[in-house]
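Asker: Contents are mmCIF, C-alpha atoms; file name data35.cif:
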data_coords
loop_
_atom_site.label_atom_id
_atom_site.label_comp_id
_atom_site.auth_asym_id
_atom_site.auth_seq_id
_atom_site.Cartn_x
_atom_site.Cartn_y
_atom_site.Cartn_z
CA MET A 1 66.87 -10.89 -105.84
CA VAL A 2 64.64 -12.50 -108.47
CA LEU A 3 61.57 -12.63 -106.19
CA GLU A 4 61.75 -8.85 -105.71
CA THR A 5 61.05 -8.38 -109.42
CA ILE A 6 57.60 -10.03 -109.28
CA ASN A 7 55.04 -7.62 -110.72
CA ILE A 8 52.74 -6.62 -107.85
CA GLY A 9 50.13 -5.20 -110.23
CA TRP A 10 49.83 -8.56 -111.96
CA LEU A 11 49.64 -10.29 -108.58
CA GLU A 12 46.84 -8.01 -107.40
CA ARG A 13 44.90 -8.66 -110.61
CA LYS A 14 45.24 -12.43 -110.22
CA PRO A 15 45.68 -13.03 -106.46
CA ALA A 16 44.76 -16.73 -106.74
CA MET A 17 48.06 -17.31 -108.57
CA ILE A 18 49.97 -16.69 -105.33
CA PHE A 19 48.52 -20.03 -104.13
CA PHE A 20 50.93 -21.82 -106.47
CA PHE A 21 53.80 -19.60 -105.35
CA GLY A 22 53.01 -20.50 -101.73
CA ALA A 23 53.02 -24.23 -102.45
CA ALA A 24 56.27 -23.87 -104.39
CA TYR A 25 57.85 -21.83 -101.57
CA ALA A 26 56.95 -24.59 -99.07
CA LEU A 27 58.30 -27.41 -101.23
CA PHE A 28 61.44 -25.54 -102.27
CA GLY A 29 62.09 -24.41 -98.69
CA TYR A 30 61.91 -28.02 -97.52
CA LEU A 31 64.28 -29.25 -100.24
CA ILE A 32 66.87 -26.59 -99.38
CA ALA A 33 66.44 -27.36 -95.66
CA MET A 34 67.04 -31.05 -96.33
CA LEU A 35 70.15 -30.24 -98.35
CA PHE A 36 71.77 -28.05 -95.72
CA PHE A 37 70.22 -29.00 -92.37
CA GLY A 38 69.24 -32.68 -92.67
CA SER A 39 67.56 -33.87 -89.48
CA ASN A 40 66.78 -30.26 -88.44
CA SER A 41 64.86 -29.55 -91.65
CA SER A 42 61.45 -29.36 -89.92
CA VAL A 43 62.55 -26.08 -88.29
CA ALA A 44 64.82 -24.76 -91.04
CA MET A 45 62.14 -25.12 -93.72
CA LEU A 46 59.99 -22.56 -91.86
CA PHE A 47 62.66 -19.87 -92.09
CA LEU A 48 63.49 -20.69 -95.69
CA THR A 49 59.83 -20.58 -96.73
CA THR A 50 59.49 -17.23 -94.95
CA LEU A 51 62.56 -15.83 -96.74
CA LEU A 52 61.03 -16.77 -100.08
CA ALA A 53 57.68 -15.13 -99.28
CA VAL A 54 58.89 -11.89 -97.66
CA PRO A 55 60.12 -9.92 -100.74
CA THR A 56 56.75 -10.18 -102.46
CA LEU A 57 54.83 -9.22 -99.32
CA ILE A 58 57.07 -6.23 -98.61
CA ARG A 59 56.23 -4.72 -101.98
CA LEU A 60 52.56 -5.54 -101.47
CA LEU A 61 52.48 -3.82 -98.06
CA ASP A 62 54.23 -0.76 -99.51
CA ALA A 63 51.44 -0.40 -102.06
CA GLU A 64 48.75 -1.06 -99.42
CA GLU A 65 50.12 1.55 -97.00
CA SER A 66 50.25 4.15 -99.77
CA ILE A 67 46.57 3.57 -100.62
CA GLU A 68 45.46 3.64 -96.98
CA SER A 69 47.32 6.86 -96.20
CA ARG A 70 45.62 8.61 -99.12
CA GLU A 71 42.07 7.25 -98.91
CA GLY A 72 41.61 6.04 -95.33
CA PHE A 73 38.21 4.44 -94.74
CA HIS A 74 36.87 5.38 -98.18
CA HIS A 75 36.39 2.32 -100.40
CA PHE A 76 37.59 0.14 -97.51
CA ILE A 77 36.52 -3.19 -99.03
CA ARG A 78 37.84 -2.35 -102.50
CA ASN A 79 41.19 -1.14 -101.17
CA HIS A 80 41.82 -4.18 -98.97
CA ARG A 81 40.23 -7.03 -100.90
CA LYS A 82 43.23 -7.78 -103.09
CA VAL A 83 45.86 -7.76 -100.36
CA ILE A 84 43.65 -9.96 -98.15
CA GLU A 85 43.18 -12.39 -101.03
CA VAL A 86 46.94 -12.49 -101.68
CA TYR A 87 47.71 -13.25 -98.03
CA LEU A 88 44.97 -15.87 -97.83
CA PHE A 89 45.97 -17.67 -101.04
CA LEU A 90 49.63 -17.52 -100.00
CA PHE A 91 48.83 -19.14 -96.66
CA LEU A 92 46.65 -21.80 -98.29
CA GLY A 93 49.38 -22.53 -100.82
CA ILE A 94 51.98 -22.99 -98.08
CA PHE A 95 49.53 -25.14 -96.11
CA VAL A 96 48.85 -27.37 -99.13
CA GLY A 97 52.56 -27.57 -99.92
CA TYR A 98 53.34 -28.86 -96.43
CA LEU A 99 50.28 -31.11 -96.58
CA LEU A 100 51.54 -32.77 -99.75
CA LEU A 101 54.97 -33.22 -98.18
CA GLY A 102 53.43 -35.00 -95.22
CA LEU A 103 50.95 -37.14 -97.13
CA PHE A 104 53.40 -38.37 -99.77
CA SER A 105 56.59 -38.64 -97.74
CA ARG A 106 57.87 -42.02 -96.59
CA ASP A 107 58.08 -40.79 -93.01
CA PHE A 108 55.90 -37.78 -92.17
CA THR A 109 57.32 -37.75 -88.62
CA PHE A 110 60.66 -36.76 -90.12
CA VAL A 111 59.15 -33.96 -92.21
CA PHE A 112 57.22 -32.59 -89.22
CA GLY A 113 59.47 -33.65 -86.36
CA PHE A 114 59.46 -30.27 -84.61
CA GLN A 115 55.77 -29.61 -85.32
CA LEU A 116 54.62 -32.96 -83.89
CA LYS A 117 56.70 -32.44 -80.75
CA PHE A 118 55.14 -29.00 -80.41
CA LEU A 119 51.62 -30.46 -80.70
CA GLU A 120 52.44 -33.21 -78.23
CA ARG A 121 53.86 -30.72 -75.75
CA GLN A 122 51.23 -27.97 -76.14
CA GLU A 123 48.08 -29.95 -77.00
CA GLY A 124 48.83 -33.42 -75.61
CA LEU A 125 48.47 -34.93 -79.09
CA SER A 126 48.73 -38.73 -79.03
CA THR A 127 47.06 -41.85 -80.36
CA GLN A 128 45.45 -42.33 -76.94
CA LEU A 129 43.94 -38.83 -77.06
CA ILE A 130 42.34 -39.53 -80.44
CA THR A 131 41.02 -42.90 -79.28
CA ARG A 132 39.45 -41.35 -76.20
CA PHE A 133 37.83 -38.64 -78.31
CA LEU A 134 36.30 -41.20 -80.67
CA ASP A 135 35.08 -43.41 -77.83
CA ARG A 136 33.76 -40.57 -75.73
CA PRO A 137 33.37 -37.40 -77.80
CA ILE A 138 33.49 -34.14 -75.88
CA GLU A 139 30.09 -32.49 -75.58
CA PRO A 140 30.23 -29.05 -77.23
CA SER A 141 29.98 -26.21 -74.74
CA PHE A 142 30.35 -22.45 -74.75
CA SER A 143 33.28 -22.71 -72.32
CA GLN A 144 35.23 -24.58 -75.02
CA VAL A 145 34.45 -21.77 -77.44
CA LEU A 146 35.79 -19.21 -74.95
CA THR A 147 38.98 -21.21 -74.39
CA ILE A 148 39.70 -21.52 -78.11
CA LEU A 149 38.72 -17.89 -78.66
CA SER A 150 41.09 -16.58 -75.98
CA ASN A 151 44.00 -18.66 -77.30
CA ASN A 152 43.43 -17.58 -80.91
CA LEU A 153 42.95 -13.91 -79.99
CA LEU A 154 46.33 -14.10 -78.27
CA VAL A 155 47.88 -15.50 -81.47
CA SER A 156 46.17 -12.71 -83.44
CA ALA A 157 47.59 -10.08 -81.09
CA ILE A 158 51.06 -11.60 -81.47
CA CYS A 159 50.65 -11.50 -85.28
CA PHE A 160 49.81 -7.80 -85.06
CA VAL A 161 52.67 -6.89 -82.71
CA LEU A 162 55.26 -8.88 -84.67
CA SER A 163 54.05 -7.29 -87.91
CA VAL A 164 54.44 -3.81 -86.41
CA PHE A 165 58.08 -4.54 -85.52
CA TYR A 166 59.04 -6.88 -88.36
CA GLY A 167 56.68 -5.85 -91.16
CA ALA A 168 56.26 -8.65 -93.68
CA GLY A 169 58.83 -10.65 -91.70
CA ALA A 170 56.02 -11.58 -89.32
CA ILE A 171 54.80 -13.94 -92.06
CA PHE A 172 57.04 -16.43 -90.23
CA LEU A 173 54.32 -16.89 -87.61
CA LEU A 174 51.78 -17.66 -90.35
CA VAL A 175 54.19 -20.10 -92.02
CA PHE A 176 54.65 -21.75 -88.64
CA ASN A 177 50.87 -22.03 -88.19
CA ALA A 178 50.52 -23.48 -91.69
CA SER A 179 53.05 -26.17 -90.79
CA ILE A 180 51.29 -26.89 -87.49
CA PHE A 181 47.86 -27.19 -89.12
CA SER A 182 49.17 -29.40 -91.93
CA SER A 183 51.18 -31.65 -89.59
CA PHE A 184 48.10 -32.09 -87.38
CA ALA A 185 45.92 -32.98 -90.38
CA VAL A 186 48.53 -35.43 -91.68
CA TYR A 187 48.88 -37.03 -88.24
CA ILE A 188 45.12 -37.51 -87.92
CA ALA A 189 44.89 -38.81 -91.50
CA HIS A 190 47.62 -41.39 -90.86
CA GLN A 191 46.04 -42.47 -87.59
CA LEU A 192 42.46 -42.82 -88.79
CA ALA A 193 42.26 -42.83 -92.58
CA LYS A 194 41.61 -46.22 -94.19
CA LEU A 195 40.93 -44.86 -97.68
CA PRO A 196 42.15 -41.79 -99.60
CA THR A 197 38.64 -40.35 -99.24
CA ASP A 198 39.02 -40.56 -95.47
CA ALA A 199 42.16 -38.40 -95.61
CA LEU A 200 40.29 -35.86 -97.72
CA ALA A 201 37.42 -35.93 -95.22
CA VAL A 202 39.82 -35.13 -92.37
CA ILE A 203 41.18 -32.14 -94.27
CA GLY A 204 37.67 -31.03 -95.23
CA PHE A 205 36.42 -31.12 -91.64
CA PHE A 206 39.32 -29.01 -90.40
CA SER A 207 38.80 -26.53 -93.24
CA ILE A 208 35.39 -25.65 -91.79
CA HIS A 209 36.95 -23.68 -88.94
CA LEU A 210 40.47 -23.32 -90.33
CA ILE A 211 39.60 -20.83 -93.08
CA PRO A 212 37.88 -18.16 -90.91
CA GLU A 213 40.46 -18.70 -88.15
CA VAL A 214 43.38 -18.21 -90.51
CA LEU A 215 41.68 -15.24 -92.15
CA GLY A 216 41.56 -13.64 -88.70
CA PHE A 217 45.30 -14.16 -88.22
CA LEU A 218 46.02 -12.77 -91.70
CA LEU A 219 43.97 -9.62 -91.11
CA ALA A 220 45.92 -8.97 -87.90
CA ALA A 221 49.21 -9.48 -89.75
CA ILE A 222 48.14 -7.12 -92.54
CA ALA A 223 47.07 -4.49 -90.01
CA GLY A 224 50.43 -4.64 -88.26
CA GLY A 225 52.32 -4.62 -91.54
CA VAL A 226 50.72 -1.42 -92.87
CA VAL A 227 51.14 0.30 -89.48
CA SER A 228 54.82 -0.67 -89.58
CA LYS A 229 55.23 0.89 -93.03
CA ALA A 230 53.31 4.01 -92.01
CA MET A 231 55.58 4.53 -88.98
CA LEU A 232 58.54 4.69 -91.36
CA THR A 233 57.02 6.78 -94.16
CA GLU A 234 54.36 9.00 -92.55
CA LYS A 235 54.42 11.72 -89.92
CA LEU A 236 52.91 10.25 -86.75
CA SER A 237 50.77 13.37 -86.28
CA GLY A 238 49.81 13.63 -89.95
CA PRO A 239 46.53 12.66 -91.63
CA GLY A 240 48.19 9.83 -93.58
CA PHE A 241 49.22 7.98 -90.43
CA THR A 242 45.80 8.63 -88.87
CA ASN A 243 44.11 7.06 -91.89
CA VAL A 244 46.36 3.99 -91.73
CA LEU A 245 45.81 3.61 -87.98
CA ARG A 246 42.02 3.84 -88.39
CA ASP A 247 42.06 1.21 -91.10
CA ALA A 248 44.29 -1.03 -88.98
CA MET A 249 41.84 -0.87 -86.09
CA ILE A 250 38.99 -1.90 -88.40
CA LEU A 251 41.09 -4.79 -89.70
CA LEU A 252 41.76 -5.90 -86.11
CA LEU A 253 38.04 -5.76 -85.33
CA LEU A 254 37.30 -7.90 -88.39
CA SER A 255 40.11 -10.24 -87.32
CA ALA A 256 38.45 -10.78 -83.94
CA CYS A 257 35.09 -11.46 -85.64
CA PHE A 258 36.53 -14.12 -87.94
CA ILE A 259 38.41 -15.74 -85.07
CA ALA A 260 35.20 -15.87 -83.05
CA ILE A 261 33.39 -17.50 -85.99
CA GLY A 262 36.22 -20.02 -86.28
CA ALA A 263 36.02 -20.89 -82.58
CA VAL A 264 32.26 -21.50 -82.77
CA LEU A 265 32.61 -23.64 -85.91
CA GLU A 266 35.44 -25.68 -84.37
CA VAL A 267 33.35 -26.63 -81.35
CA TYR A 268 29.87 -26.94 -82.86
CA ALA A 269 30.64 -28.08 -86.43
CA THR A 270 34.10 -29.59 -86.93
CA ALA A 271 34.20 -31.82 -83.84
CA PRO A 272 30.65 -33.31 -84.21
CA LEU A 273 31.06 -33.95 -87.95
CA PHE A 274 34.48 -35.49 -87.39
CA HIS A 275 33.09 -37.88 -84.80
CA GLN A 276 30.07 -38.83 -86.93
CA TYR A 277 32.27 -39.68 -89.90
CA PHE A 278 34.82 -41.75 -87.99
#
Please express the file's structure as structure tokens.
Answerer:
Amino acid sequence: MVLETINIGWLERKPAMIFFFGAAYALFGYLIAMLFFGSNSSVAMLFLTTLLAVPTLIRLLDAEESIESREGFHHFIRNHRKVIEVYLFLFLGIFVGYLLLGLFSRDFTFVFGFQLKFLERQEGLSTQLITRFLDRPIEPSFSQVLTILSNNLLVSAICFVLSVFYGAGAIFLLVFNASIFSSFAVYIAHQLAKLPTDALAVIGFFSIHLIPEVLGFLLAAIAGGVVSKAMLTEKLSGPGFTNVLRDAMILLLLSACFIAIGAVLEVYATAPLFHQYF
């Protein structure tokens, strides 16, 4: 497979370049989904985007697990910075790719048919909900933070567990979240935006809490991915596996911290700024 030949060393030296790969994966996955699945493309594009991203991430996790098993906690930031950057830029690239599809398509409800139904079913998303929020904004409270925090910690735990069993294949959950976030932003932009700057404002407001929240999910996925590799290549009672497991626990702790920051920002920053602007 061509994607399996991508030079991981080059990618680790220039992790921001994976942003463009992510956007291309999203756009190409959608085009292939349209070609073969037609009206079901909003679901199929998720699997096709995942298939494009997995080969690169498998090689990246192999290299990461090898470093962790040798060095453990030593040089923790240096050892993990590149892989975290690659995951983050990949997610942002996929998110932007889907965002462009939604913003420039003739019918964004066709592109995100499944995602919008999911938001309507799970979050009660509707024009009436947005109107009520603008007329009577919800007063920020710590209980809202706890609700968002518990939901996102559950997603983080699922990311970790799926990564343990599926390795890089668990990137599907992150691709799914990228499509949900982008479809939500596009829906809000179409409902409220009167000018192109308004659409950019919507995206900017959501980015306030989206980036730390997504970083939390990515750290959990990375932790599960390296544990998965270590279970296959290391002795469970050996020092290599112990080092990987210790690093994974630290990554999970950092994941929870970023998710908590995201929950606080969503309630006390994103929502008030959104209401003031619109």
Asker: Extract, using all atoms listed in the file, all DNA, RNA and protein residues at most 10 Å from Ser183 in chain A, discarding same-chain residues fewer than 4 positions from it, and format them as a PDB file with C-alpha atoms, in the frame of the given file.
Answerer:
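See out-v1.pdb below for the written result:
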ATOM      1  CA  PHE A  95      49.530 -25.140 -96.110  1.00  0.00           C
ATOM      2  CA  TYR A  98      53.340 -28.860 -96.430  1.00  0.00           C
ATOM      3  CA  LEU A  99      50.280 -31.110 -96.580  1.00  0.00           C
ATOM      4  CA  LEU A 101      54.970 -33.220 -98.180  1.00  0.00           C
ATOM      5  CA  GLY A 102      53.430 -35.000 -95.220  1.00  0.00           C
ATOM      6  CA  LEU A 103      50.950 -37.140 -97.130  1.00  0.00           C
ATOM      7  CA  PHE A 108      55.900 -37.780 -92.170  1.00  0.00           C
ATOM      8  CA  THR A 109      57.320 -37.750 -88.620  1.00  0.00           C
ATOM      9  CA  VAL A 111      59.150 -33.960 -92.210  1.00  0.00           C
ATOM     10  CA  PHE A 112      57.220 -32.590 -89.220  1.00  0.00           C
ATOM     11  CA  GLY A 113      59.470 -33.650 -86.360  1.00  0.00           C
ATOM     12  CA  PHE A 114      59.460 -30.270 -84.610  1.00  0.00           C
ATOM     13  CA  GLN A 115      55.770 -29.610 -85.320  1.00  0.00           C
ATOM     14  CA  LEU A 116      54.620 -32.960 -83.890  1.00  0.00           C
ATOM     15  CA  LEU A 119      51.620 -30.460 -80.700  1.00  0.00           C
ATOM     16  CA  ASN A 177      50.870 -22.030 -88.190  1.00  0.00           C
ATOM     17  CA  ALA A 178      50.520 -23.480 -91.690  1.00  0.00           C
ATOM     18  CA  SER A 179      53.050 -26.170 -90.790  1.00  0.00           C
ATOM     19  CA  TYR A 187      48.880 -37.030 -88.240  1.00  0.00           C
ATOM     20  CA  ILE A 188      45.120 -37.510 -87.920  1.00  0.00           C
ATOM     21  CA  ALA A 189      44.890 -38.810 -91.500  1.00  0.00           C
TER      22      ALA A 189
END
Asker: Fewer than 6 positions away in the same chain doesn't count, so skip those; otherwise give me all residues within 9 Å of Gly97 in chain A, counting all atoms listed in the file, as a ChimeraX atom specification.
Answerer: /A:20,22-27,182
Asker: Please indicate the distance in Å from CA of Ser228 in chain A to CA of Phe165 in chain A, rounded to one decimal place.
Answerer: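 CA of Ser228 in chain A sits 6.5 Å away from CA of Phe165 in chain A.
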Asker: Nearest to His190 in chain A: which of A:Phe104, A:Tyr268, A:Tyr87, A:Tyr277 is it, counting only C-alpha atoms?
Answerer: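 Closest candidate: A:Phe104.
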Asker: Considering all atoms listed in the file, state which residue in the set A:Lys229, A:Arg13, A:Lys117, A:Arg136 is at the smallest distance from Val43 in chain A.
Answerer: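 Answer, going by the shortest atom-to-atom distance: A:Lys117.
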Asker: Counting all atoms listed in the file, which of A:Asp198, A:Glu213, A:Glu120, A:Glu85 gets nearest to Ala256 in chain A?
Answerer: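 Closest candidate: A:Glu213.
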Asker: I need the residue nearest Val145 in chain A from this list: A:Met17, A:Leu273, A:Val226, A:Ala263. Use all atoms listed in the file for the distance.
Answerer: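 The answer is A:Ala263, which sits nearest to Val145 in chain A.
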Asker: If we count all atoms listed in the file, what is near Leu153 in chain A at a cut-off of 12 Å, once residues fewer than 6 positions away on the same chain are taken out, given as a list in words?
Answerer: Val145, Leu146, Thr147, Cys159, Phe160, Glu213, Val214, Gly216, Phe217, Leu219, Ala220, Leu252, Leu253, Leu254, Ser255, Ala256, Cys257, Phe258, Ile259, Ala260, Ile261, Gly262 and Ala263 of chain A
Asker: Could you work out how far CA of Phe184 in chain A lies from CA of Leu125 in chain A, giving the answer in Å with one decimal?
Answerer: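 Spanning CA of Leu125 in chain A to CA of Phe184 in chain A is a straight-line distance of 8.8 Å.
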Asker: I need the residue set behind the PyMOL selection byres ((chain A and resi 206) around 10) for this file; please write it as a PDB file with C-alpha atoms, in the coordinates of the input.
Answerer:
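Saved to selection-v2.pdb:
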ATOM      1  CA  PHE A 181      47.860 -27.190 -89.120  1.00  0.00           C
ATOM      2  CA  SER A 182      49.170 -29.400 -91.930  1.00  0.00           C
ATOM      3  CA  PHE A 184      48.100 -32.090 -87.380  1.00  0.00           C
ATOM      4  CA  ALA A 185      45.920 -32.980 -90.380  1.00  0.00           C
ATOM      5  CA  ALA A 201      37.420 -35.930 -95.220  1.00  0.00           C
ATOM      6  CA  VAL A 202      39.820 -35.130 -92.370  1.00  0.00           C
ATOM      7  CA  ILE A 203      41.180 -32.140 -94.270  1.00  0.00           C
ATOM      8  CA  GLY A 204      37.670 -31.030 -95.230  1.00  0.00           C
ATOM      9  CA  PHE A 205      36.420 -31.120 -91.640  1.00  0.00           C
ATOM     10  CA  SER A 207      38.800 -26.530 -93.240  1.00  0.00           C
ATOM     11  CA  ILE A 208      35.390 -25.650 -91.790  1.00  0.00           C
ATOM     12  CA  HIS A 209      36.950 -23.680 -88.940  1.00  0.00           C
ATOM     13  CA  LEU A 210      40.470 -23.320 -90.330  1.00  0.00           C
ATOM     14  CA  ILE A 211      39.600 -20.830 -93.080  1.00  0.00           C
ATOM     15  CA  LEU A 265      32.610 -23.640 -85.910  1.00  0.00           C
ATOM     16  CA  GLU A 266      35.440 -25.680 -84.370  1.00  0.00           C
ATOM     17  CA  ALA A 269      30.640 -28.080 -86.430  1.00  0.00           C
ATOM     18  CA  THR A 270      34.100 -29.590 -86.930  1.00  0.00           C
ATOM     19  CA  ALA A 271      34.200 -31.820 -83.840  1.00  0.00           C
ATOM     20  CA  LEU A 273      31.060 -33.950 -87.950  1.00  0.00           C
ATOM     21  CA  PHE A 274      34.480 -35.490 -87.390  1.00  0.00           C
TER      22      PHE A 274
END
Asker: In Å, rounded to a single decimal, give me how far CA of Arg59 in chain A is from CA of Met249 in chain A.
Answerer: 21.8 Å
Asker: For the structure shown, which residues end up in the PyMOL selection byres ((chain A and resi 88-90) around 7)? Put them as a list in words, please?
Answerer: Ala16, Ile18, Phe19, Gly22, Ile84, Glu85, Val86, Tyr87, Phe91, Leu92, Gly93, Ile94, Leu215 and Leu218 of chain A
Asker: Which is closest to Pro272 in chain A among A:Phe133, A:Phe241, A:Phe142, A:Phe176, if we use all atoms listed in the file?
Answerer: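 Ranked by minimum distance to Pro272 in chain A, first place goes to A:Phe133.
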Asker: Mind telling me what the PyMOL selection byres ((chain A and resi 170) around 10) catches here, as a PyMOL selection string?
Answerer: chain A and resi 50+54+158-169+171-175+221-222+224-225
Asker: Quick one: of A:Phe118, A:Phe28, A:Asn243, A:Val267, who's nearest to Ala53 in chain A, counting only C-alpha atoms?
Answerer: A:Phe28
Asker: Give me, as number ranges by chain, all polymer residues having an atom no more than 6 Å from range 29-35 of chain A, counting only C-alpha atoms and skipping those fewer than 4 positions away in the same chain.
Answerer: A: 25, 41, 44-45, 48-49
